Each structure stands twice: as structure tokens, then as C-alpha cells.
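Below: final_10.cif (mmCIF, C-alpha atoms)
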```
data_upload
#
loop_
_atom_site.label_atom_id
_atom_site.label_comp_id
_atom_site.auth_asym_id
_atom_site.auth_seq_id
_atom_site.Cartn_x
_atom_site.Cartn_y
_atom_site.Cartn_z
CA MET A 95 32.43 -16.75 22.62
CA LYS A 96 32.06 -19.56 20.10
CA ARG A 97 29.33 -21.09 22.21
CA LEU A 98 27.44 -17.83 22.23
CA LEU A 99 27.75 -17.63 18.47
CA LEU A 100 25.85 -20.90 18.24
CA PHE A 101 22.80 -19.11 19.64
CA LEU A 102 22.85 -16.53 16.86
CA PRO A 103 20.34 -18.36 14.60
CA LEU A 104 17.99 -18.75 17.56
CA LEU A 105 18.25 -15.05 18.27
CA VAL A 106 17.60 -14.14 14.64
CA ALA A 107 14.60 -16.48 14.52
CA ALA A 108 13.24 -14.98 17.75
CA ILE A 109 13.55 -11.41 16.48
CA LEU A 110 11.95 -12.35 13.18
CA GLY A 111 9.16 -14.07 15.12
CA VAL A 112 8.44 -10.93 17.14
CA VAL A 113 8.41 -8.75 14.03
CA LEU A 114 6.09 -11.08 12.13
CA PHE A 115 3.86 -11.59 15.15
CA ALA A 116 3.39 -7.84 15.43
CA GLY A 117 2.02 -7.88 11.89
CA ILE A 118 -0.67 -10.49 12.61
CA GLY A 119 -4.15 -9.04 12.85
CA ARG A 120 -3.21 -5.79 11.20
CA ASP A 121 -5.53 -4.97 8.35
CA PRO A 122 -3.42 -4.11 5.31
CA THR A 123 -6.45 -2.75 3.46
CA ARG A 124 -6.64 0.24 5.83
CA LEU A 125 -4.34 2.88 4.47
CA GLU A 126 -3.51 6.10 6.17
CA SER A 127 -4.76 9.04 4.17
CA ALA A 128 -2.18 11.10 2.34
CA LEU A 129 -4.22 14.19 3.21
CA ILE A 130 -3.77 14.16 6.96
CA GLY A 131 -2.63 17.59 8.09
CA LYS A 132 -3.64 19.08 4.75
CA PRO A 133 -6.67 21.18 3.84
CA VAL A 134 -9.73 19.64 2.21
CA PRO A 135 -9.21 19.99 -1.57
CA GLU A 136 -11.05 22.70 -3.44
CA PHE A 137 -14.37 21.46 -4.77
CA LYS A 138 -17.71 22.55 -6.16
CA LEU A 139 -20.49 20.07 -5.64
CA GLU A 140 -24.25 20.21 -5.80
CA ASP A 141 -26.44 19.68 -2.78
CA LEU A 142 -28.03 16.23 -2.82
CA HIS A 143 -31.48 17.58 -1.88
CA ASP A 144 -31.34 20.83 -3.79
CA PRO A 145 -29.67 20.55 -7.24
CA GLY A 146 -29.52 24.34 -7.59
CA ARG A 147 -27.38 24.78 -4.53
CA GLN A 148 -23.59 24.54 -4.68
CA TRP A 149 -21.11 23.91 -1.91
CA ASP A 150 -17.38 24.49 -1.70
CA ARG A 151 -14.73 23.94 0.93
CA SER A 152 -15.91 26.85 3.10
CA LEU A 153 -18.57 24.34 4.20
CA PHE A 154 -15.95 22.87 6.53
CA LEU A 155 -14.77 26.10 8.12
CA GLY A 156 -15.85 27.13 11.61
CA GLN A 157 -16.51 23.80 13.28
CA VAL A 158 -15.28 20.25 13.49
CA SER A 159 -17.10 17.92 11.09
CA LEU A 160 -17.15 14.32 10.06
CA LEU A 161 -17.26 13.80 6.32
CA ASN A 162 -18.94 10.50 5.60
CA VAL A 163 -18.57 9.01 2.12
CA TRP A 164 -21.39 6.67 1.19
CA GLY A 165 -23.43 5.18 -1.62
CA THR A 166 -26.58 3.11 -1.88
CA TRP A 167 -24.54 0.44 -3.69
CA CYS A 168 -22.45 -0.10 -0.59
CA PRO A 169 -23.60 -2.76 1.91
CA SER A 170 -21.32 -1.57 4.72
CA CYS A 171 -22.89 1.88 4.40
CA ARG A 172 -26.22 0.28 5.16
CA ASP A 173 -24.66 -1.37 8.23
CA GLU A 174 -23.22 1.83 9.61
CA HIS A 175 -26.27 3.98 8.92
CA PRO A 176 -27.96 3.44 12.31
CA ASP A 177 -24.65 4.26 14.02
CA LEU A 178 -24.43 7.53 12.10
CA MET A 179 -28.00 8.34 13.13
CA ARG A 180 -27.07 7.72 16.76
CA LEU A 181 -23.87 9.79 16.50
CA ALA A 182 -25.78 12.75 15.12
CA ARG A 183 -28.56 12.41 17.68
CA GLU A 184 -26.73 11.51 20.88
CA HIS A 185 -23.27 12.97 20.47
CA GLY A 186 -24.17 16.11 18.57
CA VAL A 187 -21.55 15.48 15.91
CA ARG A 188 -21.79 17.54 12.75
CA ILE A 189 -21.83 14.99 9.94
CA ILE A 190 -21.52 16.04 6.34
CA GLY A 191 -22.55 13.34 3.91
CA MET A 192 -21.01 12.79 0.53
CA ASN A 193 -23.07 10.62 -1.75
CA TYR A 194 -20.41 8.95 -3.89
CA LYS A 195 -20.84 7.55 -7.42
CA ASP A 196 -24.54 7.08 -6.95
CA GLN A 197 -27.94 8.04 -8.36
CA ARG A 198 -29.67 11.00 -6.78
CA VAL A 199 -33.08 9.28 -6.76
CA ASP A 200 -31.71 6.20 -5.00
CA ALA A 201 -29.83 8.29 -2.48
CA LEU A 202 -32.85 10.44 -1.59
CA ASP A 203 -35.00 7.34 -1.26
CA TRP A 204 -32.42 5.79 1.08
CA LEU A 205 -32.39 8.86 3.33
CA ARG A 206 -36.19 8.99 3.38
CA ARG A 207 -36.46 5.36 4.43
CA LEU A 208 -33.56 5.13 6.88
CA GLY A 209 -33.36 8.66 8.22
CA ASP A 210 -30.95 11.48 7.45
CA PRO A 211 -28.00 11.93 9.83
CA TYR A 212 -26.34 14.55 7.63
CA GLN A 213 -26.47 18.29 8.24
CA VAL A 214 -25.46 18.81 4.63
CA SER A 215 -25.39 16.22 1.85
CA LEU A 216 -23.01 16.65 -1.04
CA TYR A 217 -23.71 14.92 -4.33
CA ASP A 218 -20.62 13.54 -6.07
CA PRO A 219 -21.90 11.24 -8.84
CA LYS A 220 -18.60 11.17 -10.73
CA GLY A 221 -16.44 10.84 -7.65
CA THR A 222 -14.46 14.01 -8.30
CA LEU A 223 -14.06 15.17 -4.71
CA GLY A 224 -13.76 11.51 -3.76
CA PHE A 225 -10.78 11.17 -6.08
CA ASP A 226 -9.11 14.29 -4.70
CA LEU A 227 -9.63 12.98 -1.19
CA GLY A 228 -8.07 9.63 -2.10
CA VAL A 229 -11.30 7.73 -1.47
CA TYR A 230 -10.89 4.19 -2.78
CA GLY A 231 -14.06 2.63 -1.50
CA ALA A 232 -16.98 3.32 0.74
CA PRO A 233 -17.68 3.88 3.51
CA GLU A 234 -14.87 6.20 4.47
CA THR A 235 -15.10 8.86 7.13
CA PHE A 236 -12.85 11.90 7.50
CA VAL A 237 -12.46 14.04 10.59
CA ILE A 238 -12.05 17.65 9.49
CA ASP A 239 -11.21 20.40 11.96
CA ALA A 240 -12.61 23.92 12.14
CA ASN A 241 -9.90 25.22 9.80
CA GLY A 242 -10.85 22.73 7.13
CA ILE A 243 -7.78 20.55 7.78
CA VAL A 244 -8.13 16.78 7.47
CA ARG A 245 -7.21 15.23 10.82
CA TYR A 246 -8.06 11.58 10.30
CA ARG A 247 -9.50 9.12 7.82
CA HIS A 248 -11.30 5.97 8.81
CA VAL A 249 -11.75 3.31 6.15
CA GLY A 250 -14.65 0.94 6.73
CA GLU A 251 -17.81 1.21 8.71
CA ILE A 252 -18.33 3.18 11.87
CA ASN A 253 -19.77 1.53 14.93
CA GLU A 254 -19.86 2.31 18.64
CA LYS A 255 -16.40 0.84 19.22
CA VAL A 256 -14.79 2.73 16.34
CA TRP A 257 -16.38 5.94 17.57
CA GLN A 258 -15.31 5.51 21.19
CA ASP A 259 -11.81 4.19 20.55
CA ILE A 260 -10.73 6.03 17.43
CA LEU A 261 -12.90 8.87 16.18
CA ARG A 262 -14.03 10.43 19.43
CA PRO A 263 -10.49 11.17 20.70
CA VAL A 264 -9.59 12.72 17.34
CA VAL A 265 -12.77 14.82 17.26
CA GLU A 266 -12.26 16.01 20.84
CA GLN A 267 -8.67 16.91 20.18
CA ALA A 268 -9.69 18.81 17.06
CA ARG A 269 -12.31 20.67 19.05
CA GLY A 270 -9.79 21.57 21.75
CA ASN A 271 -7.33 23.02 19.28
CA GLY A 272 -9.82 24.52 16.89
CA MET B 261 13.14 -30.11 -27.13
CA VAL B 262 14.90 -26.88 -26.19
CA ARG B 263 13.81 -25.35 -29.43
CA LYS B 264 10.22 -26.33 -28.80
CA LEU B 265 10.39 -24.84 -25.33
CA ARG B 266 11.79 -21.64 -26.76
CA LEU B 267 8.99 -21.46 -29.25
CA LEU B 268 6.46 -22.00 -26.50
CA LEU B 269 8.01 -19.20 -24.43
CA LEU B 270 7.94 -16.90 -27.43
CA VAL B 271 4.27 -17.67 -28.05
CA LEU B 272 3.46 -17.03 -24.40
CA LEU B 273 5.39 -13.77 -24.43
CA VAL B 274 3.70 -12.47 -27.54
CA GLY B 275 0.33 -13.79 -26.41
CA ALA B 276 0.59 -11.85 -23.15
CA VAL B 277 0.69 -8.48 -24.90
CA PRO B 278 -2.98 -8.28 -25.96
CA ALA B 279 -3.99 -9.03 -22.35
CA TRP B 280 -2.79 -5.64 -21.15
CA ALA B 281 -3.35 -3.90 -24.41
CA ASP B 282 -7.12 -3.91 -23.93
CA VAL B 283 -6.94 -1.23 -21.23
CA ALA B 284 -5.07 1.16 -23.52
CA ASP B 285 -7.36 0.53 -26.44
CA VAL B 286 -10.02 2.68 -24.81
CA TYR B 287 -7.70 5.68 -25.03
CA ASP B 288 -6.40 7.47 -28.10
CA PHE B 289 -2.73 8.26 -28.37
CA ASP B 290 -0.76 10.58 -30.62
CA SER B 291 2.04 8.09 -31.04
CA ARG B 292 3.11 4.59 -30.20
CA ALA B 293 5.72 6.04 -27.82
CA GLN B 294 3.03 7.83 -25.87
CA GLU B 295 1.03 4.63 -25.56
CA VAL B 296 4.09 2.79 -24.26
CA ARG B 297 4.68 5.57 -21.76
CA PHE B 298 1.06 5.29 -20.62
CA GLN B 299 1.38 1.52 -20.19
CA ASN B 300 4.59 1.86 -18.22
CA LEU B 301 3.01 4.41 -15.90
CA LEU B 302 -0.03 2.21 -15.28
CA ALA B 303 2.20 -0.76 -14.53
CA GLU B 304 4.08 1.24 -11.89
CA LEU B 305 0.99 2.44 -10.06
CA ARG B 306 -0.68 0.26 -7.51
CA CYS B 307 -4.41 0.01 -6.99
CA PRO B 308 -5.33 1.09 -3.44
CA LYS B 309 -8.46 -1.08 -3.45
CA CYS B 310 -7.20 -4.39 -4.81
CA GLN B 311 -3.80 -4.09 -3.34
CA ASN B 312 -1.78 -6.62 -5.25
CA GLN B 313 -2.66 -5.35 -8.70
CA ASN B 314 -1.41 -2.42 -10.65
CA ILE B 315 -4.00 -0.05 -12.08
CA ALA B 316 -3.57 -1.52 -15.56
CA ASP B 317 -4.75 -4.96 -14.39
CA SER B 318 -7.31 -3.91 -11.83
CA HIS B 319 -11.00 -3.65 -12.66
CA ALA B 320 -11.82 -1.68 -9.51
CA PRO B 321 -13.68 1.58 -10.24
CA ILE B 322 -10.95 3.53 -8.47
CA SER B 323 -8.38 2.10 -10.88
CA GLN B 324 -10.49 3.30 -13.78
CA ASP B 325 -10.53 6.78 -12.24
CA MET B 326 -6.78 6.66 -11.77
CA ARG B 327 -6.21 5.55 -15.37
CA ASP B 328 -8.41 8.43 -16.57
CA GLU B 329 -6.42 10.89 -14.48
CA VAL B 330 -3.09 9.56 -15.76
CA TYR B 331 -4.40 9.88 -19.32
CA ARG B 332 -5.78 13.37 -18.74
CA MET B 333 -2.55 14.63 -17.19
CA MET B 334 -0.44 13.03 -19.89
CA LYS B 335 -2.51 14.69 -22.61
CA ALA B 336 -2.09 17.98 -20.77
CA GLY B 337 1.67 17.58 -21.05
CA ALA B 338 2.59 16.51 -17.51
CA SER B 339 5.79 14.59 -16.92
CA ASP B 340 5.78 11.06 -15.51
CA GLU B 341 7.00 12.38 -12.20
CA GLU B 342 4.26 15.00 -11.98
CA ILE B 343 1.63 12.38 -12.73
CA VAL B 344 2.90 9.95 -10.10
CA ASP B 345 3.28 12.76 -7.55
CA ALA B 346 -0.30 13.90 -8.17
CA LEU B 347 -1.59 10.41 -7.39
CA VAL B 348 0.70 9.99 -4.39
CA ALA B 349 -0.60 13.31 -3.02
CA ARG B 350 -4.11 11.84 -3.04
CA PHE B 351 -3.61 8.19 -2.24
CA GLY B 352 -0.26 8.14 -0.43
CA GLU B 353 3.10 6.49 -1.04
CA PHE B 354 1.24 3.21 -1.17
CA VAL B 355 0.38 3.63 -4.85
CA ARG B 356 4.02 3.55 -5.89
CA TYR B 357 5.29 0.12 -6.79
CA LYS B 358 8.76 1.63 -6.63
CA PRO B 359 8.75 3.57 -3.38
CA LYS B 360 11.01 6.55 -2.93
CA LEU B 361 14.17 6.05 -0.92
CA ASP B 362 13.76 7.47 2.58
CA SER B 363 14.30 6.38 6.17
CA ARG B 364 11.19 4.18 6.11
CA THR B 365 11.96 2.41 2.85
CA PHE B 366 15.72 2.15 3.44
CA LEU B 367 15.53 -1.50 4.55
CA LEU B 368 13.22 -2.36 1.68
CA TRP B 369 15.78 -1.20 -0.85
CA PHE B 370 18.95 -2.29 0.87
CA THR B 371 18.15 -5.59 2.61
CA PRO B 372 19.32 -7.61 -0.42
CA ALA B 373 22.62 -5.70 -0.58
CA ILE B 374 23.06 -6.00 3.20
CA ALA B 375 22.39 -9.76 3.04
CA VAL B 376 24.88 -10.28 0.21
CA PHE B 377 27.50 -8.17 1.98
CA GLY B 378 26.94 -10.07 5.25
CA GLY B 379 27.30 -13.37 3.41
CA LEU B 380 30.57 -12.23 1.84
CA LEU B 381 31.85 -11.25 5.28
CA VAL B 382 31.01 -14.72 6.65
CA VAL B 383 32.71 -16.44 3.69
CA ALA B 384 35.77 -14.19 4.00
CA GLY B 385 35.94 -14.96 7.73
CA VAL B 386 35.83 -18.72 7.12
CA VAL B 387 38.52 -18.53 4.43
CA ILE B 388 40.85 -16.34 6.48
CA ARG B 389 40.49 -18.55 9.53
CA SER B 390 41.21 -21.77 7.65
CA ARG B 391 44.31 -20.20 6.04
CA ARG B 392 45.59 -19.09 9.39
CA ARG B 393 45.11 -22.62 10.75
CA ASP B 394 47.12 -24.06 7.83
CA ARG B 395 49.95 -21.73 8.54
CA SER B 396 50.02 -22.25 12.30
CA GLU B 397 50.30 -26.06 12.06
CA PRO B 398 53.99 -27.01 12.48
CA PRO B 399 55.63 -29.02 9.71
CA LEU B 400 56.59 -32.64 10.37
CA SER B 401 59.64 -33.32 12.46
CA PRO B 402 62.47 -35.34 10.81
CA GLU B 403 61.39 -38.52 12.68
CA GLU B 404 57.77 -38.11 11.60
CA ARG B 405 58.84 -37.52 8.04
CA ALA B 406 61.00 -40.62 8.01
CA ARG B 407 58.14 -42.68 9.38
CA ALA B 408 55.71 -41.26 6.87
CA GLU B 409 58.06 -42.23 4.08
CA ARG B 410 58.31 -45.76 5.44
CA ILE B 411 54.53 -46.04 5.56
CA LEU B 412 54.25 -44.82 1.98
CA ALA B 413 56.88 -47.34 0.94
CA GLY B 414 54.79 -50.08 2.57
CA ALA B 415 57.33 -51.11 5.18
CA ASP B 416 56.11 -49.71 8.46
CA SER B 417 57.05 -51.50 11.65
CA GLY B 418 56.40 -48.81 14.21
CA GLY B 419 52.63 -48.70 13.88
CA PRO B 420 50.02 -51.41 14.22
CA ALA B 421 50.56 -54.43 11.99
CA PRO B 422 48.80 -54.21 8.64
CA ARG B 423 45.63 -56.25 8.51
CA GLU B 424 45.69 -59.33 6.45
CA ASP B 425 42.38 -60.67 5.36
#
```

Translate the structure of the given file into C-alpha cells.
Amino acid sequence: MKRLLLFLPLLVAAILGVVLFAGIGRDPTRLESALIGKPVPEFKLEDLHDPGRQWDRSLFLGQVSLLNVWGTWCPSCRDEHPDLMRLAREHGVRIIGMNYKDQRVDALDWLRRLGDPYQVSLYDPKGTLGFDLGVYGAPETFVIDANGIVRYRHVGEINEKVWQDILRPVVEQARGNG
Amino acid sequence: MVRKLRLLLLVLLVGAVPAWADVADVYDFDSRAQEVRFQNLLAELRCPKCQNQNIADSHAPISQDMRDEVYRMMKAGASDEEIVDALVARFGEFVRYKPKLDSRTFLLWFTPAIAVFGGLLVVAGVVIRSRRRDRSEPPLSPEERARAERILAGADSGGPAPRED
């Protein structure tokens, strides 16, 4: 019994090692959204292309959408743009864009030059909807189901791997249940 | 020397105040108490973008938005708890520097107490065991006692001869 007790520190160190090792490689900057399972907050935002047109949360009812938060000031948004174009074109995903804390002229110029993957573009220059959604940077992408419920939030850029491994399963599940 | 050190600490303490005061200077308050309340709230809320800063220290745009919201809600008469809850509802438990006690944060709150309690148990175990050992050792027999007294008197003949050098 006493002998076995001598191995206690080794055991403790081993357990601690496993716990700490599990933490390596995890990205602490990716936070789970507090809104998962909750409806998209109420909002009233102008259309990016058509200042006279207003959108509210009924925009998200009826089909599964991705809500992509972007700005022309955001380098990672530039990186993910071709991937968004491909998603819209090849996978038939409904992507709603939200231009976040940006200038309308810059944003329109960006879409003209790089292409427009968004079925609807919201314009949120003050970041009001962004704040209610808990957006703390860009790009962020939300999966929203046909009932307007937030299913998932991805922080950081989207690429083929992120789509295949993370977003696609969530979108397909949302489609199945919606 | 100690006095000088004390003076230095005092200067540092007082000098630190203007460093966080600049954030509050942008806002107008009805009273000094309200300003203190605002500062305390900001110090307890964590910036989701620059994760090791509170929203008073952080220059991230999101921290500015959060400060504005805290100010707006405070002016509208919300309680501290309502303000923190409103931010937690948007950004998650993460923004609390003092997380609520639940099954996930149990270890976070109680590990120090558990460690201290465990240490006390170990110490108590060691003490109890050593006492028990003292008690279980038999006292000297009459012969042993007599010999011990001879040794102490410096006239032992039963043991090895004393060294002479």
C-alpha cells in the first residue's frame, strides 16, 4: 500500500499532462456564440444596394441561410471571398451578407470588383445587429435555420475545409429538421 | 528606506488612477458614485476580442461598443446585474471576469479550497501517525534505564570503549 502511494505524484503528473495536452492546439479566440438555439435578434437594417429598402428578421424565415459578416477593412474577408463565391455557385447555399462597420461606397466597389455571393446584403455601418449577434470581429459566419434560429457561429474565414468539416454538416442538419 | 518605498508605492497607486480615468472622461455622469459604478462594471467585463483585457483597458472597437452599451443601460436605470446579463446574452459567459457558479465553473471556484483542505488532511494524517508511533514505542526496561544513567554519568563499561584522541 505504501509502495503504491509513492506512485501518486506520478499519477497526478500524468493526469495533468493529459489534460494540458488536450488543450494544445485549441484556439482560445474562437468562442461559441451565446445565441445558439436562439432566434436572430430583431433588427431593421437598410439594404446595401438600395438605401430605401429595409430588412428585418423575417428575411431569415423559410429557408436555411448563412449570415456572413464582413467589411472592406478586414483582410481575412478578402481571403474568404472566393470561397464564398464558390459556395454560392456550386453548393447553392443561400448567403446573406452583412456589411459591418464599413462605408457603403467601399463595400459596393468591393462587390463590383470581386463578385457578389450574397442573395441579400444588409448594411450595418454602426454595428447594431452585429452587437446584438455578439460579433466581435470579422469575418464571422452564422448558420440560421428556416425558423430564424441561430444554429452555429464560425469565427474566422471560411475555406473548403471549414465548409466540408464544420458548416456543411450543420447546414444539412438544419435543412433536414427545417 | 521603508518609508521611501512606501512613498513610491503611494505615488504609483495614485499615478495609476488617471490611466483608467481617461475612458470614463468621454462620458458624463450625474454623480461621482455613478462614475465609480461605471468603472467597476467595465473592470469586471472582459473583451471578447483581446481576451486578456477588460473593456476599460481594451482599445478594440467591440470594447468601445460594449462601453457605450453599459453607459446607455446605466443611464436608462438598469441594475448592474441587468447590464452584465445583457452583455452575457450577446457574447456569452466569457465576458464575465467573475463567472457564475455552476457545474462547469465549480472547479474554477473551489480548486483553491479543495487544495487547502487536502493539504490539511495530509498534515493531520502525518501528525496523527507520528503521535501514534510515540505512544506505541515501549518505555525503557529497568536494565536499559540503568545503563542509560551510567552512560549519562560518563561511566559506561557495557558498550564500546570511549574513543580517546

Spell out the residues picked by the PyMOL selection byres ((chain A) within 8 of (chain B)) here, as a PyMOL selection string. chain A and resi 123+125-129+225-231

Compare A:Ile190, A:Val163, A:Cys168, A:Val265 by their minimum atom-to-atom distance to Leu223 in chain A, counting all atoms listed in the file, and give me the closest one.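 Using all atoms listed in the file, the shortest distance to Leu223 in chain A belongs to A:Val163.
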
Residues selected by the PyMOL selection byres ((chain A and resi 171) around 10), written as a PyMOL selection string: chain A and resi 162-170+172-176+178+232-234+250-252

List the residues selected by the PyMOL selection byres ((chain B and resi 359) around 12) in the file shown, writing them as a tab-separated table (two decimals) with C-alpha atoms, keeping the file's coordinate frame.
```tsv
chain	number	residue	atom	x	y	z
B	304	GLU	CA	4.08	1.24	-11.89
B	305	LEU	CA	0.99	2.44	-10.06
B	306	ARG	CA	-0.68	0.26	-7.51
B	344	VAL	CA	2.90	9.95	-10.10
B	345	ASP	CA	3.28	12.76	-7.55
B	348	VAL	CA	0.70	9.99	-4.39
B	352	GLY	CA	-0.26	8.14	-0.43
B	353	GLU	CA	3.10	6.49	-1.04
B	354	PHE	CA	1.24	3.21	-1.17
B	355	VAL	CA	0.38	3.63	-4.85
B	356	ARG	CA	4.02	3.55	-5.89
B	357	TYR	CA	5.29	0.12	-6.79
B	358	LYS	CA	8.76	1.63	-6.63
B	360	LYS	CA	11.01	6.55	-2.93
B	361	LEU	CA	14.17	6.05	-0.92
B	362	ASP	CA	13.76	7.47	2.58
B	363	SER	CA	14.30	6.38	6.17
B	364	ARG	CA	11.19	4.18	6.11
B	365	THR	CA	11.96	2.41	2.85
B	366	PHE	CA	15.72	2.15	3.44
B	367	LEU	CA	15.53	-1.50	4.55
B	368	LEU	CA	13.22	-2.36	1.68
B	369	TRP	CA	15.78	-1.20	-0.85
```

Using all atoms listed in the file, which of the listed residues (B:Leu269, B:Leu380, B:Phe298, B:Asp394) sits closest to Met333 in chain B?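 For Met333 in chain B, the nearest of the candidates is B:Phe298.
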
Here CA of Gln157 in chain A and CA of Asn241 in chain A stand apart by 7.6 Å

Between CA of Gln197 in chain A and CA of Leu139 in chain A, distance in Å (one decimal): 14.4 Å

What separation in Å, quoted to one decimal, exists between CA of Val237 in chain A and CA of Ile130 in chain A?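 Result for CA of Val237 in chain A versus CA of Ile130 in chain A: 9.4 Å, one decimal.
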
Mind working out the centre and edge lengths of an axis-aligned box for range 319-330 of chain B, all listed atoms inside, 4 Å added to each side, rounded to one decimal in Å and written as AutoDock Vina command-line options?
```
--center_x -8.4 --center_y 3.6 --center_z -12.5 --size_x 18.6 --size_y 22.5 --size_z 16.1
```

Counting only C-alpha atoms, the option among B:Arg407, B:Glu295, B:Leu381, B:Leu302 closest to Lys335 in chain B: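 Among the listed residues, B:Glu295 lies closest to Lys335 in chain B.
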